[in-house]
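Participant: One structure follows; several queries about it will come next.
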Amino acid sequence: MVKTLIIYSSKYGSTEEAAKIMSHMISPSIYCAVDEFKPGYREYDFFIIGSSVYQEKIDASLIKFIDNNRKWLQKKPISLFCTCIDKNGGLNRLNELQKFIGTKTLSMKALGGSLIINKLNHNDLQLIKDFLNTVKLPLEDMDFYNEEEIIKYSLKLKNIKEGIIKSR
Ligand SMILES: Cc1cc2nc3c(=O)[nH]c(=O)nc-3n(C[C@H](O)[C@H](O)[C@H](O)COP(=O)(O)O)c2cc1C
């Protein structure tokens, strides 16, 4: 039996929602936020790592987690995803994350995320205002979150998991 762990970081919920859907579609699996990770989870067989992109970077808490756990993580089968607004940029961030882990991941996908202005904390609202002002865009919600896209990637991850079973 291949047990899957989906580990994610999410400030406003899109990445968490994606992790939840993946976990429902791939069994047996659990999903947990980086700060909920327990040492016993190292025994899992397949790791799906997800983050959102803030200011053209993978979330700092996920980077810290990888830095602290790289040694054993490198030996595991891993797939990656992120939620973001700019998917090309997101894919670049995932390629950088793969290098940072120091392994060849089995798959990676930049998924559409959402930016809901009235959900943002004070600091993030200011950052977004400044950014949109610089690129001369209006301050408005951007919602590219797409459940179908997540389900499609979950099916791919399920196939990858089946491949891990066969190769054992
Ligand atoms: C402060 C801030 C900075 C962001 N910077 C980027 C960015 O550089 N590139 C991008 O594609 N999306 C950016 N986003 C959009 C987020 O990646 C997107 O909203 C994502 O779905 C958030 O995930 P979460 O709901 O799990 O926190 C930014 C969002 C915030 C709040």
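Please note that chains go A, B, ... in the order of the structure tokens, that every chain numbers its residues from 1, and that ligands are numbered from 1 in the order shown.
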Would you list the contacts of region 78-93 of chain A as a list in words, taking every protein, DNA or RNA residue within 7 Å and counting only C-alpha atoms, but skipping same-chain residues closer than 3 positions in sequence?
Facilitator: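 Contacts, in chain order: Ser14, Thr15, Phe46, Phe47, Ile48, Ile49, Gly50, Ser51, Ser52, Val53, Lys57, Ile58, Glu96, Leu97, Thr105, Leu106, Ser107, Met108, Lys109, Ala110, Leu111, Gly112, Gly113, Ser114 and Phe144 of chain A.
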Participant: For the helix (DSSP H, G or I) assignment from backbone DSSP, which residues of region 52-117 of chain A qualify? Please present them as a VMD selection string.
Facilitator: chain A and resid 60 to 73 87 to 101 117
Participant: Quick one: residues within 12 Å of Asn68 (chain A), only C-alpha atoms, excluding same-chain residues fewer than 3 positions away - as a list in words?
Facilitator: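 Returned residues: Val34, Phe37, Pro39, Ser61, Leu62, Ile63, Lys64, Phe65, Lys71, Trp72, Leu73, Gln74, Phe100 and Ile101 of chain A.
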Participant: Keeping only C-alpha atoms, take the residues you just selected and write them out as a PDB file, in the first residue's frame.
Facilitator:
ATOM      1  CA  VAL A  34       3.624  22.562   7.112  1.00  0.00           C
ATOM      2  CA  PHE A  37       3.862  18.092  10.231  1.00  0.00           C
ATOM      3  CA  PRO A  39       8.032  13.262  12.541  1.00  0.00           C
ATOM      4  CA  SER A  61       7.239  28.573   5.665  1.00  0.00           C
ATOM      5  CA  LEU A  62       7.361  25.836   3.004  1.00  0.00           C
ATOM      6  CA  ILE A  63      10.941  26.745   2.066  1.00  0.00           C
ATOM      7  CA  LYS A  64      11.895  26.517   5.746  1.00  0.00           C
ATOM      8  CA  PHE A  65      10.215  23.109   6.034  1.00  0.00           C
ATOM      9  CA  LYS A  71      17.866  14.906   3.660  1.00  0.00           C
ATOM     10  CA  TRP A  72      15.111  12.284   3.988  1.00  0.00           C
ATOM     11  CA  LEU A  73      12.730  14.064   1.599  1.00  0.00           C
ATOM     12  CA  GLN A  74      15.243  13.752  -1.260  1.00  0.00           C
ATOM     13  CA  PHE A 100      16.138  23.487  -3.810  1.00  0.00           C
ATOM     14  CA  ILE A 101      14.902  20.046  -2.714  1.00  0.00           C
TER      15      ILE A 101
END
Participant: Measure the distance from CA of Leu5 (chain A) to CA of Glu148 (chain A) in Å and round it to one decimal.
Facilitator: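 It comes out at 21.3 Å.
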Participant: Would you compute the distance between atom 20 (C, counted along the ligand's line) of ligand 1 and CA of Ser10 (chain A)? Give it in Å to one decimal.
Facilitator: 7.8 Å
Participant: Looking at A:Gln55, A:Glu16, A:Lys38, A:Ile7, which one is nearest to Asp124 (chain A), with distances taken over only C-alpha atoms?
Facilitator: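 Among the listed residues, the smallest separation from Asp124 (chain A) belongs to A:Gln55.
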Participant: Mind giving me the straight-line distance from CA of Met142 (chain A) to CA of Lys129 (chain A) in Å, one decimal?
Facilitator: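 Those two atoms sit 13.2 Å apart.
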Participant: Might you pull out every residue within 9 Å of Ile164 (chain A), with only C-alpha atoms counted and same-chain residues fewer than 6 positions away left off, and present them as a list in words?
Facilitator: Val2, Asp45, Phe46 and Pro77 of chain A
Participant: Could you tell me, as a list in words, which residues of region 33-68 of chain A DSSP assigns to strand (DSSP E) when given the backbone?
Facilitator: Ala33, Phe46, Phe47, Ile48, Ile49, Gly50, Ser51, Ser52, Val53, Tyr54, Lys57 and Ile58 of chain A
